[in-house]
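Raw contents of data.tsv, TSV, C-alpha atoms:
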```
chain	number	residue	atom	x	y	z
A	287	TYR	CA	90.58	124.43	147.67
A	288	TYR	CA	93.36	126.12	149.66
A	289	ASN	CA	95.84	123.23	149.24
A	290	TYR	CA	94.93	122.95	145.57
A	291	LEU	CA	95.37	126.69	145.01
A	292	ILE	CA	98.82	126.68	146.60
A	293	MET	CA	99.94	123.64	144.58
A	294	LEU	CA	98.59	125.18	141.37
A	295	SER	CA	100.24	128.52	142.08
A	296	VAL	CA	103.66	127.05	142.84
A	297	SER	CA	103.59	124.74	139.82
A	298	GLY	CA	102.51	127.72	137.73
A	299	LEU	CA	105.76	129.48	138.66
A	300	LEU	CA	107.75	126.56	137.29
A	301	ILE	CA	105.65	125.80	134.22
A	302	SER	CA	105.01	129.35	133.01
A	303	GLY	CA	108.64	130.36	133.54
A	304	LEU	CA	110.15	127.45	131.61
A	305	ARG	CA	107.44	127.36	128.92
A	306	SER	CA	108.02	131.04	128.20
A	307	GLY	CA	111.76	130.41	127.88
A	308	PHE	CA	111.37	127.40	125.59
A	309	VAL	CA	108.85	129.04	123.27
A	310	ASN	CA	110.74	132.35	123.04
A	311	LEU	CA	114.27	131.04	122.55
A	312	TYR	CA	113.56	127.99	120.37
A	313	SER	CA	112.68	130.11	117.32
A	314	SER	CA	115.43	132.65	117.94
A	315	TYR	CA	118.24	130.09	118.22
A	316	LEU	CA	116.94	127.88	115.40
A	317	LEU	CA	116.31	130.66	112.86
A	318	SER	CA	119.69	132.27	113.52
A	319	ASN	CA	121.44	128.86	113.29
A	320	LYS	CA	122.94	129.25	116.76
A	321	LEU	CA	121.83	125.73	117.72
A	322	SER	CA	120.43	122.69	115.96
A	323	GLU	CA	117.14	121.15	117.04
A	324	LEU	CA	119.03	118.23	118.54
A	325	GLU	CA	121.12	120.58	120.71
A	326	ILE	CA	118.03	122.56	121.77
A	327	TYR	CA	116.23	119.36	122.76
A	328	ASN	CA	119.20	118.14	124.75
A	329	VAL	CA	119.59	121.32	126.83
A	330	SER	CA	115.83	121.74	127.30
A	331	SER	CA	115.42	118.12	128.43
A	332	LEU	CA	118.21	118.58	130.97
A	333	ILE	CA	116.36	121.60	132.34
A	334	ILE	CA	113.08	119.65	132.59
A	335	PHE	CA	114.86	116.76	134.35
A	336	PHE	CA	116.42	118.99	136.99
A	337	ALA	CA	113.20	120.98	137.41
A	338	GLY	CA	111.37	117.78	138.37
A	339	VAL	CA	114.12	116.73	140.77
A	340	VAL	CA	114.43	120.11	142.49
A	341	TYR	CA	110.71	120.91	142.72
A	342	VAL	CA	109.81	118.19	145.27
A	343	PRO	CA	112.20	119.19	148.08
A	344	ILE	CA	111.50	122.88	147.59
A	345	PHE	CA	107.76	122.30	147.83
A	346	PHE	CA	107.90	120.20	150.97
A	347	LEU	CA	110.72	122.00	152.76
A	348	VAL	CA	109.92	125.65	152.12
A	349	LEU	CA	106.18	126.10	151.66
A	350	PRO	CA	105.05	124.67	155.03
A	351	PHE	CA	106.91	127.56	156.67
A	352	VAL	CA	104.96	130.06	154.58
A	353	TYR	CA	101.49	128.54	154.28
A	354	SER	CA	99.34	126.34	156.50
A	355	LEU	CA	99.19	123.22	154.34
A	356	ASN	CA	97.61	119.86	155.07
A	357	LEU	CA	100.64	117.79	154.06
A	358	SER	CA	98.93	114.45	154.69
A	359	ASP	CA	96.43	115.21	151.91
A	360	ILE	CA	99.14	116.53	149.58
A	361	TYR	CA	101.36	113.45	150.05
A	362	SER	CA	98.65	111.22	148.57
A	363	VAL	CA	98.38	113.20	145.32
A	364	PHE	CA	101.89	114.56	144.88
A	365	PRO	CA	103.16	111.79	142.53
A	366	LEU	CA	100.26	112.61	140.19
A	367	PHE	CA	101.04	116.30	140.51
A	368	ILE	CA	104.73	115.85	139.64
A	369	LEU	CA	103.71	113.80	136.59
A	370	TYR	CA	101.39	116.64	135.56
A	371	ILE	CA	104.29	119.11	135.80
A	372	LEU	CA	106.74	116.97	133.81
A	373	LEU	CA	104.22	116.23	131.04
A	374	THR	CA	103.29	119.90	130.78
A	375	LEU	CA	106.94	120.94	130.54
A	376	LYS	CA	107.63	118.32	127.87
A	377	SER	CA	104.57	119.55	125.97
A	378	SER	CA	106.05	123.07	126.14
A	379	LEU	CA	109.05	121.86	124.16
A	380	TYR	CA	106.78	120.38	121.49
A	381	ILE	CA	104.81	123.64	121.32
A	382	ALA	CA	108.05	125.59	120.88
A	383	GLN	CA	108.92	123.34	117.92
A	384	LEU	CA	105.51	123.94	116.30
A	385	VAL	CA	105.79	127.71	116.80
A	386	SER	CA	109.22	127.80	115.16
A	387	GLN	CA	107.64	126.01	112.15
A	388	LYS	CA	104.72	128.51	112.17
A	389	LYS	CA	102.18	125.73	112.72
A	390	PHE	CA	100.05	128.05	114.82
A	391	VAL	CA	96.69	126.30	114.52
A	392	THR	CA	98.13	123.06	115.85
A	393	SER	CA	100.02	124.75	118.70
A	394	GLU	CA	97.02	126.93	119.59
A	395	PHE	CA	94.69	123.95	119.77
A	396	ALA	CA	97.20	122.09	121.95
A	397	THR	CA	97.55	124.95	124.45
A	398	LEU	CA	93.77	125.04	124.88
A	399	ILE	CA	93.48	121.34	125.78
A	400	ASN	CA	95.12	121.60	129.19
A	401	PRO	CA	93.06	124.47	130.70
A	402	VAL	CA	89.77	123.72	128.94
A	403	LEU	CA	89.29	120.18	130.26
A	404	PRO	CA	89.50	121.17	133.96
A	405	ILE	CA	87.03	124.02	133.38
A	406	ILE	CA	84.56	121.69	131.63
A	407	ILE	CA	84.77	119.13	134.44
A	408	TYR	CA	84.48	121.86	137.06
A	409	ILE	CA	81.36	123.30	135.43
A	410	GLY	CA	79.92	119.80	135.01
A	411	SER	CA	80.47	119.01	138.69
A	412	THR	CA	78.65	122.23	139.57
A	413	PHE	CA	75.60	121.24	137.54
A	414	LEU	CA	75.65	117.72	139.02
A	415	GLU	CA	76.33	119.09	142.51
A	416	VAL	CA	79.37	116.86	142.93
A	417	LYS	CA	81.92	117.94	145.52
A	418	LEU	CA	85.50	117.91	144.22
A	419	ASN	CA	88.21	116.82	146.66
A	420	LEU	CA	91.97	117.32	146.21
A	421	PHE	CA	92.48	113.95	144.51
A	422	ILE	CA	89.81	114.67	141.89
A	423	LEU	CA	91.13	118.19	141.25
A	424	VAL	CA	94.69	116.96	140.68
A	425	SER	CA	93.47	114.02	138.58
A	426	VAL	CA	91.60	116.46	136.35
A	427	LEU	CA	94.82	118.46	135.89
A	428	LEU	CA	96.67	115.28	134.96
A	429	ILE	CA	93.99	114.30	132.44
A	430	GLY	CA	94.44	117.67	130.75
A	431	ALA	CA	98.24	117.29	130.70
A	432	VAL	CA	98.10	113.74	129.31
A	433	SER	CA	95.64	114.82	126.60
A	434	GLU	CA	97.83	117.76	125.59
A	435	TYR	CA	101.00	115.65	125.54
A	436	SER	CA	99.37	112.84	123.54
A	437	TYR	CA	98.09	115.24	120.92
A	438	LEU	CA	101.46	116.98	120.58
A	439	TYR	CA	103.39	113.72	120.49
A	440	TYR	CA	101.65	112.70	117.26
A	441	LYS	CA	101.70	116.20	115.75
A	442	THR	CA	105.40	116.98	116.12
A	443	LYS	CA	108.65	115.65	114.75
A	444	ARG	CA	110.20	113.32	117.31
A	445	ILE	CA	113.89	114.03	117.74
A	446	LEU	CA	115.93	111.12	119.07
A	447	PHE	CA	118.59	112.22	121.53
A	448	LYS	CA	120.44	111.15	124.64
A	449	LEU	CA	120.91	113.38	127.67
A	450	ASN	CA	124.36	114.89	127.31
A	451	PHE	CA	125.71	116.74	130.34
A	452	SER	CA	128.69	118.09	128.38
A	453	LEU	CA	127.51	121.36	126.80
A	454	ASN	CA	129.20	123.52	124.18
A	455	PHE	CA	129.41	127.33	124.32
A	456	SER	CA	126.13	127.96	122.44
A	457	GLU	CA	124.27	125.42	124.55
A	458	ILE	CA	125.53	127.06	127.75
A	459	LYS	CA	124.40	130.45	126.43
A	460	TYR	CA	120.96	129.01	125.66
A	461	LEU	CA	120.82	127.54	129.17
A	462	LYS	CA	121.72	130.89	130.74
A	463	GLU	CA	119.06	132.74	128.74
A	464	ILE	CA	116.44	130.14	129.73
A	465	LEU	CA	117.37	130.65	133.39
A	466	PHE	CA	117.22	134.44	133.02
A	467	LEU	CA	113.73	134.24	131.56
A	468	PHE	CA	112.74	131.67	134.16
A	469	PHE	CA	113.77	133.77	137.15
A	470	SER	CA	112.28	136.89	135.59
A	471	SER	CA	108.98	135.05	135.12
A	472	ILE	CA	109.13	133.62	138.66
A	473	ILE	CA	109.55	137.08	140.16
A	474	LEU	CA	106.42	138.29	138.38
A	475	SER	CA	104.52	135.06	139.00
A	476	LEU	CA	105.14	135.38	142.75
A	477	MET	CA	102.23	137.82	142.62
A	478	THR	CA	99.90	134.83	142.61
A	479	LEU	CA	101.36	133.54	145.88
A	480	VAL	CA	101.20	137.04	147.36
A	481	ASP	CA	97.54	137.29	146.39
A	482	VAL	CA	96.85	133.86	147.90
A	483	TYR	CA	98.57	134.92	151.14
A	484	PHE	CA	96.37	138.00	151.51
A	485	ALA	CA	93.29	136.07	150.35
A	486	SER	CA	93.91	133.46	153.06
A	487	ASN	CA	93.05	136.11	155.64
A	488	LEU	CA	89.59	136.44	154.09
A	489	SER	CA	86.71	133.99	154.37
A	490	SER	CA	86.94	130.59	152.66
A	491	GLY	CA	84.12	131.65	150.35
A	492	ASP	CA	86.16	134.62	149.13
A	493	VAL	CA	89.11	132.36	148.37
A	494	SER	CA	86.89	130.03	146.32
A	495	LEU	CA	85.38	132.93	144.39
A	496	LEU	CA	88.84	134.39	143.74
A	497	LEU	CA	90.02	131.00	142.44
A	498	THR	CA	86.98	130.61	140.19
A	499	SER	CA	87.16	134.15	138.78
A	500	SER	CA	90.91	133.80	138.15
A	501	LYS	CA	90.22	130.65	136.10
A	502	PHE	CA	87.92	132.56	133.77
A	503	ILE	CA	90.44	135.40	133.44
A	504	ALA	CA	93.26	132.90	132.85
A	505	PHE	CA	91.14	131.21	130.17
A	506	GLY	CA	90.72	134.56	128.37
A	507	ILE	CA	94.44	135.24	128.60
A	508	GLY	CA	95.24	131.72	127.37
A	509	VAL	CA	93.00	132.01	124.31
A	510	LEU	CA	94.38	135.38	123.23
A	511	SER	CA	98.01	134.69	124.13
A	512	SER	CA	97.96	131.44	122.18
A	513	SER	CA	96.51	133.16	119.12
A	514	VAL	CA	98.61	136.35	119.23
A	515	GLY	CA	101.42	136.01	121.74
A	516	ILE	CA	102.71	132.74	120.29
A	517	MET	CA	102.22	133.64	116.62
A	518	ILE	CA	104.37	136.73	116.95
A	519	ILE	CA	107.50	134.92	118.17
A	520	PRO	CA	109.04	133.68	114.88
A	521	TYR	CA	107.98	136.86	113.07
A	522	LEU	CA	109.67	139.09	115.68
A	523	ALA	CA	112.85	137.04	115.38
A	524	GLU	CA	112.74	137.43	111.59
A	525	ALA	CA	111.93	141.16	111.82
A	526	TYR	CA	114.99	141.83	113.96
A	527	LEU	CA	117.21	139.94	111.52
A	528	ILE	CA	115.92	142.14	108.65
A	529	SER	CA	116.55	145.60	110.21
A	530	ILE	CA	115.92	147.60	113.37
A	531	ASN	CA	113.57	150.01	111.57
A	532	TYR	CA	111.46	147.13	110.31
A	533	PHE	CA	111.43	145.65	113.81
A	534	ILE	CA	110.16	148.93	115.34
A	535	LYS	CA	107.38	149.32	112.78
A	536	PHE	CA	106.37	145.69	113.15
A	537	ILE	CA	106.08	145.65	116.94
A	538	ASN	CA	104.18	148.98	117.02
A	539	LYS	CA	101.71	147.68	114.45
A	540	VAL	CA	101.17	144.48	116.43
A	541	LEU	CA	100.58	146.44	119.66
A	542	ILE	CA	97.97	148.68	117.99
A	543	TYR	CA	96.09	145.77	116.40
A	544	THR	CA	96.23	143.78	119.65
A	545	PHE	CA	94.87	146.68	121.70
A	546	LEU	CA	91.98	147.33	119.29
A	547	THR	CA	91.11	143.62	119.11
A	548	CYS	CA	91.07	143.34	122.90
A	549	ILE	CA	88.82	146.38	123.24
A	550	ILE	CA	86.26	144.86	120.85
A	551	ILE	CA	86.36	141.42	122.51
A	552	LEU	CA	86.16	142.78	126.07
A	553	THR	CA	83.26	145.08	125.17
A	554	PHE	CA	81.24	142.01	124.14
A	555	ALA	CA	82.46	140.14	127.22
A	556	TYR	CA	81.37	142.95	129.54
A	557	PHE	CA	77.76	142.60	128.40
A	558	LEU	CA	77.72	138.81	127.98
A	559	ILE	CA	79.37	137.71	131.25
A	560	PRO	CA	76.47	138.85	133.52
A	561	GLU	CA	74.17	136.72	131.37
A	562	ILE	CA	76.38	133.65	130.92
A	563	ILE	CA	77.81	133.13	134.43
A	564	PRO	CA	74.41	132.65	136.17
A	565	LEU	CA	73.53	130.01	133.55
A	566	LEU	CA	76.80	128.14	134.18
A	567	PHE	CA	76.28	128.04	137.94
A	568	LYS	CA	72.62	127.11	138.27
A	569	SER	CA	72.87	125.19	141.51
A	570	GLU	CA	71.32	125.35	144.96
A	571	THR	CA	74.81	125.03	146.48
A	572	ILE	CA	75.79	128.44	145.05
A	573	SER	CA	73.76	131.39	146.27
A	574	SER	CA	72.63	134.14	143.94
A	575	LEU	CA	74.69	136.58	146.00
A	576	ASP	CA	77.87	134.55	145.39
A	577	ILE	CA	77.08	134.47	141.67
A	578	ASP	CA	76.74	138.26	141.70
A	579	TYR	CA	80.10	138.54	143.46
A	580	LEU	CA	81.69	136.17	140.94
A	581	VAL	CA	80.36	138.22	138.02
A	582	SER	CA	81.68	141.45	139.55
A	583	TYR	CA	85.11	139.91	140.20
A	584	ILE	CA	85.39	138.71	136.59
A	585	LEU	CA	84.32	142.11	135.24
A	586	VAL	CA	86.85	143.93	137.43
A	587	GLY	CA	89.55	141.55	136.21
A	588	LEU	CA	88.86	142.03	132.48
A	589	PRO	CA	91.55	144.76	132.06
A	590	ILE	CA	94.13	142.18	133.13
A	591	ILE	CA	93.62	140.35	129.82
A	592	PRO	CA	94.78	143.10	127.40
A	593	LEU	CA	97.49	144.28	129.81
A	594	SER	CA	98.83	140.74	130.11
A	595	LEU	CA	98.78	140.22	126.35
A	596	ILE	CA	100.51	143.53	125.61
A	597	GLY	CA	103.14	142.71	128.24
A	598	LEU	CA	103.63	139.33	126.61
A	599	ILE	CA	104.28	140.89	123.21
A	600	LEU	CA	106.67	143.45	124.69
A	601	SER	CA	108.60	140.75	126.52
A	602	ARG	CA	109.04	138.95	123.19
A	603	GLY	CA	110.42	142.19	121.79
A	604	MET	CA	112.91	142.58	124.64
A	605	ILE	CA	114.13	139.02	124.11
A	606	SER	CA	114.65	139.66	120.39
A	607	LEU	CA	116.65	142.79	121.24
A	608	GLY	CA	118.82	140.89	123.73
A	609	ILE	CA	117.74	142.90	126.79
A	610	SER	CA	115.90	140.18	128.67
A	611	LYS	CA	118.07	140.87	131.75
A	612	LYS	CA	116.23	144.16	132.25
A	613	MET	CA	112.98	142.25	132.73
A	614	ILE	CA	114.31	140.97	136.06
A	615	ALA	CA	114.65	144.52	137.41
A	616	ILE	CA	111.22	145.49	136.04
A	617	ASN	CA	109.59	142.44	137.63
A	618	ILE	CA	111.29	142.97	141.00
A	619	ILE	CA	109.76	146.44	141.16
A	620	ALA	CA	106.44	144.97	139.99
A	621	LEU	CA	106.48	142.45	142.85
A	622	ALA	CA	107.15	145.23	145.36
A	623	ILE	CA	104.23	147.23	143.92
A	624	ASN	CA	102.02	144.14	144.19
A	625	ILE	CA	102.83	143.56	147.87
A	626	VAL	CA	102.20	147.19	148.82
A	627	SER	CA	99.01	147.53	146.77
A	628	ASP	CA	97.65	144.19	148.06
A	629	TYR	CA	98.28	145.26	151.65
A	630	PHE	CA	96.30	148.49	151.31
A	631	LEU	CA	93.65	147.53	148.75
A	632	VAL	CA	92.57	144.24	150.38
A	633	LYS	CA	91.68	146.13	153.56
A	634	GLU	CA	89.44	148.51	151.66
A	635	TYR	CA	88.04	146.39	148.83
A	636	SER	CA	88.62	142.74	149.86
A	637	VAL	CA	88.89	140.42	146.82
A	638	VAL	CA	88.28	143.30	144.40
A	639	GLY	CA	91.36	144.97	145.86
A	640	LEU	CA	93.52	141.95	145.00
A	641	ILE	CA	92.25	141.98	141.42
A	642	LEU	CA	92.81	145.74	141.05
A	643	SER	CA	96.33	145.30	142.42
A	644	THR	CA	97.09	142.79	139.66
A	645	SER	CA	95.90	145.26	137.01
A	646	VAL	CA	98.15	147.98	138.43
A	647	VAL	CA	101.17	145.67	138.29
A	648	TYR	CA	100.53	144.60	134.69
A	649	LEU	CA	100.16	148.26	133.69
A	650	TRP	CA	103.54	149.04	135.26
A	651	THR	CA	105.32	146.15	133.53
A	652	SER	CA	103.84	147.01	130.12
A	653	LEU	CA	104.86	150.67	130.33
A	654	SER	CA	108.32	149.81	131.63
A	655	MET	CA	109.02	147.22	128.92
A	656	TYR	CA	107.83	149.56	126.17
A	657	TRP	CA	110.16	152.28	127.47
A	658	ALA	CA	113.08	149.80	127.64
A	659	ILE	CA	112.45	148.77	124.01
A	660	ARG	CA	112.37	152.40	122.88
A	661	LEU	CA	115.66	153.16	124.61
A	662	LYS	CA	117.36	150.08	123.13
A	663	THR	CA	116.14	150.66	119.57
A	664	LYS	CA	117.17	154.33	119.77
A	665	LYS	CA	120.63	153.28	120.91
A	666	ILE	CA	120.95	150.80	118.04
A	667	LYS	CA	119.85	153.40	115.48
A	668	ASP	CA	122.25	156.02	116.87
A	669	ASN	CA	125.12	153.56	116.55
```
When written as structure tokens, how does the structure in this file appear?
Amino acid sequence: YYNYLIMLSVSGLLISGLRSGFVNLYSSYLLSNKLSELEIYNVSSLIIFFAGVVYVPIFFLVLPFVYSLNLSDIYSVFPLFILYILLTLKSSLYIAQLVSQKKFVTSEFATLINPVLPIIIYIGSTFLEVKLNLFILVSVLLIGAVSEYSYLYYKTKRILFKLNFSLNFSEIKYLKEILFLFFSSIILSLMTLVDVYFASNLSSGDVSLLLTSSKFIAFGIGVLSSSVGIMIIPYLAEAYLISINYFIKFINKVLIYTFLTCIIILTFAYFLIPEIIPLLFKSETISSLDIDYLVSYILVGLPIIPLSLIGLILSRGMISLGISKKMIAINIIALAINIVSDYFLVKEYSVVGLILSTSVVYLWTSLSMYWAIRLKTKKIKDN
């Protein structure tokens, strides 16, 4: 589980950072006629190509100095893992195309394929009392990625292009903005690796429970972000093109509706989770005490879902306003807060402390981004 968690965390930095950039900028550049779809595909494919080439040496050269990894086990599955990363990144480009066309049902269904399949197989293995090794875990990830890619391949418009390393001014600007969003996302996503580092000092059982609870939280975030966070992208781009006043009213309305929806959903979840989780993990290999711990960890982590979703919407707003650079500064401070809070809270509250630390960080980023948007919109109105 430890090797798998590290691999998943590091790949998450790459995938979430680039996917966020593709999905956010595709609509903005296409709707404003800054780039054609052919130009967007060319630059994005170059980024995916170099991401795959650079990821391997970084993983093998840097991480062994930070974490105690069993490299012999990882070597045997790494080709499959790289294929999983490349397919997921290519799928991100297809999803960005669907979002720009406002085909939200198709894109939402596609984004659920990848995380849902591993969870189903994991739950099934628990019922059947089958032990999952690293090869099986990575194979399950790859199955999810292949399924997502296959579905998107037949649901999107294939654009024929050749990799062109000679970029025009607009393509270079698009590339720079992708990299800005990527590094900003990486800084914030480093929280996962920080949490894993502090969790590694706990018992192996705590690490497994943290991994399992984080999957359920991530599933909740994925469902809501795909239904709200993705849908808002083309509409925010259009709202900004209409007027700044319309943009302000639109984003405030979305934030209010999102908050109220999350409160209703999480209220039901708070009462249902203690009933559902024990049913999902009926197995002699999992003690009732561990199930109780798992339930408590998931309940403590529920606030992360609305905070993450609100932060996602606000980040979309900052991108539309052209102030994505400020997200780097906000996320650097967030990472510092995460390290300090992890250090103190894990001593006092163990795994719960790590989860609470994540909530604190997401609260900081949401408040900071909202304040940055207010300052920018006020400046635009004054001018």
- Task: Check the smallest atom-to-atom distance from each of A:Gly603, A:Gly303, A:Pro589, A:Gly608 to A:Val647 using all atoms listed in the file, then report the winner.
- Result: A:Pro589
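Rounded to one decimal, atom CA of A:Leu476 and atom CA of A:Asp628 lie 12.7 Å from each other.
Picture a line from atom CA of A:Ile666 to atom CA of A:Phe308; it runs 26.4 Å.
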- Message: At a cut-off of 12 Å, using only C-alpha atoms, what residues contact A:Ser654? Leave out same-chain residues fewer than 6 positions from it and give the result as an NGL selection string.
- Response: :A and (596-597 or 600-601 or 604 or 612-620 or 647-648 or 660-661)
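What separates atom CA of A:Tyr556 from atom CA of A:Phe395 is a distance of 25.2 Å.
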- Message: Which residue is closest to A:Ser652? Choose from A:Arg602, A:Gln383, A:Ser433, A:Ser574 and count all atoms listed in the file.
- Response: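 Answer, going by the shortest atom-to-atom distance: A:Arg602.
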- Considering only C-alpha atoms, return as a PyMOL selection string whatever protein or nucleic-acid residues lie within 9 Å of A:Ser318, sequence-local ones (same chain, fewer than 3 positions apart) excluded. chain A and resi 313-315+321+523-524+527
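Proximity to stretch 457-459 of chain A at 12 Å, evaluated using only C-alpha atoms and with sequence-adjacent residues fewer than 6 positions away removed, yields Leu311, Tyr312, Tyr315, Leu316, Lys320, Leu321, Ser322, Glu323, Leu324, Glu325, Ile326, Tyr327, Asn328, Val329, Ser330, Leu332, Ile333, Asn450, Phe451, Leu465 and Phe466 of chain A.
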- Task: Tell me which of A:Val632, A:Ala658, A:Leu317, A:Leu428 sits closest to A:Ala485, counting all atoms listed in the file.
- Result: A:Val632
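The residue set within 10 Å of A:Ser362, counting all atoms listed in the file and dropping same-chain residues fewer than 5 places from it, reads Leu357, Phe367, Leu420 and Phe421 of chain A.
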- Item | Which of A:Tyr543, A:Leu495, A:Ile518, A:Leu621 sits closest to A:Val637 [using all atoms listed in the file] | A:Leu495
- Task: Fewer than 2 positions away in the same chain doesn't count, so skip those; otherwise give me all residues within 10 Å of A:Ala337, counting only C-alpha atoms, as a ChimeraX atom specification.
- Result: /A:300-301,304,331-335,339-342,371-372,375
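Distances to A:Asn487 were evaluated for A:Lys568, A:Lys633, A:Lys611, A:Lys539 using all atoms listed in the file, and the minimum falls at A:Lys633.
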